[in-house]
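Contents: one structure, followed by commentary.
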Amino acid sequence: MRIATWNPGLTRDGPGLLLRDIGRDDPQVLAAAQVIAHAAPDAILLTGLDWDLEGRALTAFADLLEAAGHPMPHRHAGPPNTGLPTGRDMDGDGRLGRARDAQGYGAFRGQGGMAVLSRLPIAGVTDHTETLWRDMPGHRMPDSPHADIARLSTTAHWDVALTTPAGPLHLLAFSATPPAFEPRNIPRNHDEAAFWLDHLPDAPFAIIGNLNLDPADGDGDPAALTALLAVTQDPRPRGAWQPPQTGPNADHRGDPALDTAEYARAPGNLRLDYVLPAQGLRVLDAGVIWPAPGDPLAESVALASHRRLVWVDLDLK
């Protein structure tokens, strides 16, 4: 079974614009569909995909995948915290109704949400998205006048149980805030990852998503990632090619083959996206879709997103 995660860049500046672009065969949207069809996952978590109440954009994108020869008929996209208004000045800048005043950063409800697409049936979803940050045991939430409403999840936390021939496989899916831009984001990024330590199922699982944290480079506190690695295994997916390690990458300490995000300026390329199977699951293979220039897929990968798709093959027998 192949499971994958990717931020395909399917977010726009206003509600309804993603659906519009899918309907008019926007080249970036088509490139994203081509990359996913090439990877051919059995299940994929898409982060950075705008949510709408009726799921019309997700349905339209799934239709593109089917047309590309890779149908994924089962899907889940619950309402995210991104862009969810609070009515409060959450970032303390004296202004209301701005992107950083939402429960999760977003200029409109659902901007940059997430979704699971699967070839296998979804047996059920446990949704932790409404969990208050202050209610997480051992949280690092700074003192705040908004602790009564502030949620932990920037986007969402889902336990998605897939039905496989070998029994259920739980995808512990989330997309965390970057540990940058404002002080509260560093402890929030840590706690979004640490949340799963208290919510591991008594069944095969994989922690999957955009952790927005590189263990060796960039900002943030890797303590929660280190703790997750103690209860999972890291297949260390590698890309086929890496850009020259110059400019903002010149002083990086991490293995560039593990990077999943490309930034032309500081902080440079980083490993931000992960599939971490539980200990005891048999990993057959893993990779990052980062083809070399000249590869037939390279243009689509570059056009779709500055992120790279990560996949892991598991033997669930």
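Letters A, B, ... go to the chains of the structure tokens in the order shown; residues in each chain start at 1; ligands are counted from 1 in the same order.
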Discussion item. Env of Phe108 (chain A): 10 Å cut, atoms = only C-alpha atoms, seq-sep filter 6 positions within chain, self excluded. Answer as number ranges by chain.
Written reply: A: 12-15, 50-51, 82-85, 97-99, 102
Writing out the chosen residues with all heavy atoms as a compact mmCIF listing (two decimals), in the first residue's frame:
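Saved as again22.txt:
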```
# COMPACT_ATOMS: atom_id res chain seq x y z
N ARG A 12 -6.14 29.55 -3.14
CA ARG A 12 -6.29 30.77 -3.91
C ARG A 12 -6.58 31.94 -2.97
O ARG A 12 -6.69 31.79 -1.76
CB ARG A 12 -7.43 30.61 -4.94
CG ARG A 12 -7.16 29.52 -6.00
CD ARG A 12 -5.96 29.85 -6.85
NE ARG A 12 -5.76 28.92 -7.96
CZ ARG A 12 -4.94 27.88 -7.93
NH1 ARG A 12 -4.26 27.60 -6.81
NH2 ARG A 12 -4.80 27.11 -8.99
N ASP A 13 -6.71 33.14 -3.54
CA ASP A 13 -6.85 34.36 -2.74
C ASP A 13 -8.28 34.65 -2.30
O ASP A 13 -8.50 35.60 -1.56
CB ASP A 13 -6.32 35.56 -3.52
CG ASP A 13 -4.82 35.51 -3.72
OD1 ASP A 13 -4.12 34.89 -2.88
OD2 ASP A 13 -4.32 36.09 -4.70
N GLY A 14 -9.23 33.87 -2.75
CA GLY A 14 -10.62 34.11 -2.36
C GLY A 14 -11.45 32.86 -2.50
O GLY A 14 -11.08 31.92 -3.21
N PRO A 15 -12.60 32.80 -1.81
CA PRO A 15 -13.46 31.62 -1.88
C PRO A 15 -14.01 31.42 -3.29
O PRO A 15 -14.37 32.38 -3.98
CB PRO A 15 -14.57 31.93 -0.87
CG PRO A 15 -14.57 33.42 -0.74
CD PRO A 15 -13.16 33.85 -0.94
N ASP A 50 -7.92 24.48 -0.66
CA ASP A 50 -9.03 25.26 -0.13
C ASP A 50 -10.27 24.38 0.08
O ASP A 50 -10.65 23.59 -0.78
CB ASP A 50 -9.37 26.41 -1.08
CG ASP A 50 -8.29 27.48 -1.11
OD1 ASP A 50 -7.44 27.49 -0.21
OD2 ASP A 50 -8.30 28.29 -2.06
N TRP A 51 -10.89 24.57 1.26
CA TRP A 51 -12.09 23.84 1.63
C TRP A 51 -13.32 24.68 1.33
O TRP A 51 -13.33 25.90 1.50
CB TRP A 51 -12.04 23.53 3.13
CG TRP A 51 -13.28 22.92 3.71
CD1 TRP A 51 -13.61 21.60 3.76
CD2 TRP A 51 -14.37 23.61 4.35
NE1 TRP A 51 -14.83 21.41 4.38
CE2 TRP A 51 -15.32 22.65 4.75
CE3 TRP A 51 -14.64 24.97 4.60
CZ2 TRP A 51 -16.50 22.99 5.40
CZ3 TRP A 51 -15.81 25.30 5.24
CH2 TRP A 51 -16.74 24.31 5.64
N THR A 82 -8.52 26.98 9.48
CA THR A 82 -7.95 28.07 8.69
C THR A 82 -9.04 29.04 8.25
O THR A 82 -10.05 28.65 7.67
CB THR A 82 -7.23 27.52 7.45
OG1 THR A 82 -8.09 26.60 6.77
CG2 THR A 82 -5.94 26.82 7.85
N GLY A 83 -8.83 30.31 8.56
CA GLY A 83 -9.77 31.35 8.16
C GLY A 83 -11.04 31.40 8.98
O GLY A 83 -11.93 32.22 8.68
N LEU A 84 -11.15 30.57 10.02
CA LEU A 84 -12.36 30.56 10.84
C LEU A 84 -12.36 31.80 11.74
O LEU A 84 -11.50 31.94 12.62
CB LEU A 84 -12.42 29.29 11.68
CG LEU A 84 -13.59 29.16 12.66
CD1 LEU A 84 -14.92 29.17 11.92
CD2 LEU A 84 -13.45 27.89 13.50
N PRO A 85 -13.30 32.72 11.55
CA PRO A 85 -13.27 33.97 12.33
C PRO A 85 -13.44 33.73 13.83
O PRO A 85 -14.16 32.82 14.26
CB PRO A 85 -14.46 34.76 11.77
CG PRO A 85 -14.77 34.15 10.45
CD PRO A 85 -14.42 32.70 10.59
N GLY A 97 -10.31 40.94 12.38
CA GLY A 97 -10.76 40.38 11.11
C GLY A 97 -9.69 40.12 10.10
O GLY A 97 -9.99 39.89 8.92
N ARG A 98 -8.43 40.11 10.53
CA ARG A 98 -7.34 39.83 9.61
C ARG A 98 -6.98 38.34 9.65
O ARG A 98 -7.46 37.60 10.51
CB ARG A 98 -6.13 40.71 9.93
CG ARG A 98 -6.49 42.22 9.82
CD ARG A 98 -5.37 43.10 10.34
NE ARG A 98 -4.18 43.05 9.51
CZ ARG A 98 -3.99 43.77 8.41
NH1 ARG A 98 -4.93 44.62 8.01
NH2 ARG A 98 -2.87 43.69 7.72
N ALA A 99 -6.13 37.92 8.71
CA ALA A 99 -5.84 36.49 8.56
C ALA A 99 -5.30 35.87 9.84
O ALA A 99 -5.63 34.72 10.17
CB ALA A 99 -4.86 36.28 7.41
N ALA A 102 -7.84 34.70 12.74
CA ALA A 102 -8.66 33.48 12.61
C ALA A 102 -8.09 32.38 13.51
O ALA A 102 -6.98 32.49 14.03
CB ALA A 102 -8.67 33.03 11.15
```
Within 9 Å of region 253-257 of chain A, counting only C-alpha atoms, which residues qualify if same-chain residues fewer than 6 places away don't, as a PDB file with C-alpha atoms, in the first residue's frame?
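The resulting file, selection-v9.pdb, is reproduced below:
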```pdb
ATOM      1  CA  ASP A 214      12.978  20.528   9.739  1.00  0.00           C
ATOM      2  CA  PRO A 215      14.899  18.546  12.377  1.00  0.00           C
ATOM      3  CA  ALA A 216      18.251  20.075  11.412  1.00  0.00           C
ATOM      4  CA  ASP A 217      17.657  23.422   9.688  1.00  0.00           C
ATOM      5  CA  PRO A 237      12.263   9.301   1.807  1.00  0.00           C
ATOM      6  CA  ARG A 238      14.772  10.723  -0.659  1.00  0.00           C
ATOM      7  CA  GLY A 239      14.426  12.734  -3.828  1.00  0.00           C
ATOM      8  CA  ALA A 240      16.146  11.733  -7.056  1.00  0.00           C
ATOM      9  CA  TRP A 241      17.761  15.155  -7.424  1.00  0.00           C
ATOM     10  CA  GLN A 242      18.624  18.137  -5.254  1.00  0.00           C
ATOM     11  CA  PRO A 243      19.372  21.696  -6.351  1.00  0.00           C
ATOM     12  CA  GLN A 245      23.506  23.597  -2.131  1.00  0.00           C
ATOM     13  CA  ASN A 269      15.144  24.185   1.197  1.00  0.00           C
ATOM     14  CA  LEU A 270      13.764  22.209   4.140  1.00  0.00           C
ATOM     15  CA  ARG A 271      12.306  18.860   5.114  1.00  0.00           C
ATOM     16  CA  VAL A 288      10.256  12.278  -2.556  1.00  0.00           C
TER      17      VAL A 288
END
```
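Scanning region 92-196 of chain A with DSSP on the backbone, the strand (DSSP E) assignments fall on A:Gly113, A:Met114, A:Ala115, A:Val116, A:Leu117, A:Ser118, A:Ile122, A:Ala123, A:Gly124, A:Val125, A:Thr126, A:Asp127, A:His157, A:Trp158, A:Asp159, A:Val160, A:Ala161, A:Leu162, A:Thr163, A:Thr164, A:Gly167, A:Pro168, A:Leu169, A:His170, A:Leu171, A:Leu172, A:Ala173, A:Phe174, A:Ser175.
Among the candidate residues A:Glu299, A:Glu54, A:Asp198, A:Asp234, the one lying nearest to Gly138 (chain A) is A:Asp198, with distances computed using only C-alpha atoms.
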Discussion item. Please report the interatomic distance between CA of Pro178 (chain A) and CA of Leu281 (chain A) in Å with one decimal.
Written reply: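 Separation of CA of Pro178 (chain A) and CA of Leu281 (chain A): 29.3 Å.
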Discussion item. Could you check the closest approach to His74 (chain A) for each of A:Arg308, A:Arg151, A:Arg119, A:Arg88 and tell me which residue wins, using only C-alpha atoms?
Written reply: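 Comparing A:Arg308, A:Arg151, A:Arg119, A:Arg88 against His74 (chain A), the winner is A:Arg119.
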Worksheet entry | Who sits within 10 Å of Asp143 (chain A), only C-alpha atoms, same chain under 3 positions skipped, as a PyMOL selection string | chain A and resi 134+140+146-147+184
Dump as a short mmCIF file (atom, residue, chain, number, x, y, z; two decimals), in the first residue's frame, selection limited to C-alpha atoms:
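File written: again_29.cif
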```
data_model
loop_
_atom_site.label_atom_id
_atom_site.label_comp_id
_atom_site.auth_asym_id
_atom_site.auth_seq_id
_atom_site.Cartn_x
_atom_site.Cartn_y
_atom_site.Cartn_z
CA ARG A 134 -5.31 24.96 26.74
CA ARG A 140 3.24 25.20 25.81
CA HIS A 146 -7.94 34.35 24.25
CA ALA A 147 -7.18 30.97 25.86
CA ARG A 184 3.11 32.01 19.52
#
```
Practice prompt. List every residue of region 87-150 of chain A that DSSP, applied to the backbone, labels as helix (DSSP H, G or I), and write the result as a ChimeraX atom specification.
Written response: /A:99-101,133-135
For the selection you just gave me, I'd like the residues written to a file as a compact mmCIF listing (two decimals), in the first residue's frame, keeping C-alpha atoms.
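What ended up in selection.txt:
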```txt
# COMPACT_ATOMS: atom_id res chain seq x y z
CA ALA A 99 -5.84 36.49 8.56
CA ARG A 100 -3.91 36.07 11.82
CA ASP A 101 -7.06 36.69 13.86
CA TRP A 133 -5.04 24.51 22.96
CA ARG A 134 -5.31 24.96 26.74
CA ASP A 135 -6.92 21.51 27.07
```
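Using only C-alpha atoms, the smallest distance between any of A:Thr155, A:Thr86, A:Gln103, A:Thr163 and Ser118 (chain A) comes from A:Thr163.
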Worksheet entry | Polymer residues at most 12 Å from region 276-280 of chain A, only C-alpha atoms, same-chain spacing of 3 or more positions, as JSON, numbers by chain | {"A": [1, 2, 3, 4, 5, 169, 170, 171, 172, 173, 193, 196, 197, 200, 201, 202, 203, 204, 205, 206, 207, 208, 209, 210, 211, 225, 226, 227, 228, 229, 230, 231, 232, 233, 234, 235, 236, 237, 273, 283, 284, 285, 286, 310, 311, 312, 313, 314, 315, 316, 317]}
Worksheet item: Could you name the residues that touch Asp26 (chain A) at 12 Å or less, counting only C-alpha atoms, but leaving out those on the same chain fewer than 3 positions away, as a PyMOL selection string?
Response: chain A and resi 10+17-23+29-33+61+64+303-304
Those residues with all heavy atoms, as a tab-separated table (two decimals), in the first residue's frame please?
```tsv
chain	number	residue	atom	x	y	z
A	10	LEU	N	-2.92	24.09	-4.03
A	10	LEU	CA	-4.29	24.30	-4.49
A	10	LEU	C	-5.03	25.22	-3.53
A	10	LEU	O	-6.08	24.89	-2.98
A	10	LEU	CB	-5.00	22.96	-4.64
A	10	LEU	CG	-4.41	22.03	-5.70
A	10	LEU	CD1	-5.15	20.71	-5.74
A	10	LEU	CD2	-4.44	22.70	-7.08
A	17	LEU	N	-12.43	30.52	-5.93
A	17	LEU	CA	-11.48	30.69	-7.03
A	17	LEU	C	-10.80	29.38	-7.41
A	17	LEU	O	-10.45	29.17	-8.58
A	17	LEU	CB	-10.43	31.74	-6.66
A	17	LEU	CG	-10.97	33.15	-6.41
A	17	LEU	CD1	-9.83	34.13	-6.15
A	17	LEU	CD2	-11.81	33.63	-7.59
A	18	LEU	N	-10.59	28.49	-6.44
A	18	LEU	CA	-10.00	27.20	-6.78
A	18	LEU	C	-10.94	26.41	-7.68
A	18	LEU	O	-10.51	25.83	-8.69
A	18	LEU	CB	-9.67	26.41	-5.52
A	18	LEU	CG	-9.13	25.00	-5.75
A	18	LEU	CD1	-7.84	25.03	-6.56
A	18	LEU	CD2	-8.93	24.26	-4.43
A	19	LEU	N	-12.21	26.37	-7.32
A	19	LEU	CA	-13.18	25.66	-8.15
A	19	LEU	C	-13.22	26.26	-9.55
A	19	LEU	O	-13.28	25.53	-10.55
A	19	LEU	CB	-14.56	25.73	-7.51
A	19	LEU	CG	-15.69	25.03	-8.26
A	19	LEU	CD1	-15.42	23.53	-8.40
A	19	LEU	CD2	-17.03	25.27	-7.56
A	20	ARG	N	-13.15	27.59	-9.63
A	20	ARG	CA	-13.11	28.25	-10.94
A	20	ARG	C	-11.91	27.77	-11.76
A	20	ARG	O	-12.03	27.44	-12.94
A	20	ARG	CB	-13.03	29.76	-10.75
A	20	ARG	CG	-12.90	30.57	-12.04
A	20	ARG	CD	-12.27	31.92	-11.77
A	20	ARG	NE	-10.88	31.80	-11.34
A	20	ARG	CZ	-10.12	32.85	-10.96
A	20	ARG	NH1	-10.65	34.06	-10.94
A	20	ARG	NH2	-8.87	32.64	-10.59
A	21	ASP	N	-10.74	27.73	-11.11
A	21	ASP	CA	-9.53	27.35	-11.83
A	21	ASP	C	-9.54	25.89	-12.25
A	21	ASP	O	-9.05	25.54	-13.32
A	21	ASP	CB	-8.30	27.64	-10.98
A	21	ASP	CG	-8.02	29.14	-10.86
A	21	ASP	OD1	-8.68	29.93	-11.56
A	21	ASP	OD2	-7.13	29.52	-10.07
A	22	ILE	N	-10.10	25.03	-11.41
A	22	ILE	CA	-10.21	23.62	-11.80
A	22	ILE	C	-11.11	23.50	-13.02
A	22	ILE	O	-10.80	22.75	-13.96
A	22	ILE	CB	-10.77	22.78	-10.63
A	22	ILE	CG1	-9.78	22.77	-9.46
A	22	ILE	CG2	-11.07	21.36	-11.08
A	22	ILE	CD1	-10.33	22.12	-8.19
A	23	GLY	N	-12.20	24.26	-13.04
A	23	GLY	CA	-13.15	24.19	-14.14
A	23	GLY	C	-12.61	24.70	-15.46
A	23	GLY	O	-13.10	24.30	-16.53
A	29	VAL	N	-3.22	23.57	-11.76
A	29	VAL	CA	-4.09	22.52	-11.26
A	29	VAL	C	-3.84	21.22	-12.01
A	29	VAL	O	-3.73	20.13	-11.42
A	29	VAL	CB	-5.56	22.94	-11.37
A	29	VAL	CG1	-6.49	21.78	-11.01
A	29	VAL	CG2	-5.85	24.14	-10.48
A	30	LEU	N	-3.74	21.30	-13.33
A	30	LEU	CA	-3.49	20.11	-14.13
A	30	LEU	C	-2.14	19.49	-13.80
A	30	LEU	O	-1.99	18.26	-13.78
A	30	LEU	CB	-3.57	20.45	-15.62
A	30	LEU	CG	-4.94	20.89	-16.15
A	30	LEU	CD1	-4.84	21.25	-17.62
A	30	LEU	CD2	-5.98	19.81	-15.92
A	31	ALA	N	-1.15	20.34	-13.51
A	31	ALA	CA	0.17	19.83	-13.13
A	31	ALA	C	0.09	19.07	-11.82
A	31	ALA	O	0.70	18.00	-11.66
A	31	ALA	CB	1.16	20.99	-13.02
A	32	ALA	N	-0.68	19.60	-10.85
A	32	ALA	CA	-0.83	18.90	-9.57
A	32	ALA	C	-1.48	17.54	-9.77
A	32	ALA	O	-1.06	16.54	-9.17
A	32	ALA	CB	-1.66	19.76	-8.62
A	33	ALA	N	-2.51	17.47	-10.61
A	33	ALA	CA	-3.16	16.19	-10.88
A	33	ALA	C	-2.20	15.22	-11.55
A	33	ALA	O	-2.20	14.01	-11.25
A	33	ALA	CB	-4.39	16.41	-11.75
A	61	PHE	N	-11.57	18.23	-8.32
A	61	PHE	CA	-10.18	17.82	-8.46
A	61	PHE	C	-10.09	16.29	-8.53
A	61	PHE	O	-9.28	15.75	-9.30
A	61	PHE	CB	-9.34	18.35	-7.30
A	61	PHE	CG	-7.88	18.07	-7.45
A	61	PHE	CD1	-7.14	18.72	-8.44
A	61	PHE	CD2	-7.23	17.17	-6.63
A	61	PHE	CE1	-5.78	18.46	-8.61
A	61	PHE	CE2	-5.88	16.90	-6.78
A	61	PHE	CZ	-5.16	17.55	-7.78
A	64	LEU	N	-10.59	15.21	-11.95
A	64	LEU	CA	-9.39	15.35	-12.77
A	64	LEU	C	-8.46	14.15	-12.60
A	64	LEU	O	-7.87	13.66	-13.57
A	64	LEU	CB	-8.63	16.62	-12.40
A	64	LEU	CG	-9.19	17.96	-12.86
A	64	LEU	CD1	-8.24	19.09	-12.44
A	64	LEU	CD2	-9.36	17.98	-14.37
A	303	LEU	N	5.84	23.45	-11.62
A	303	LEU	CA	4.69	24.31	-11.87
A	303	LEU	C	3.64	24.17	-10.77
A	303	LEU	O	3.00	25.15	-10.37
A	303	LEU	CB	4.07	23.96	-13.22
A	303	LEU	CG	2.79	24.72	-13.61
A	303	LEU	CD1	3.03	26.22	-13.66
A	303	LEU	CD2	2.26	24.19	-14.95
A	304	ALA	N	3.48	22.97	-10.24
A	304	ALA	CA	2.41	22.73	-9.28
A	304	ALA	C	2.66	23.43	-7.96
A	304	ALA	O	1.77	24.11	-7.42
A	304	ALA	CB	2.24	21.23	-9.06
```
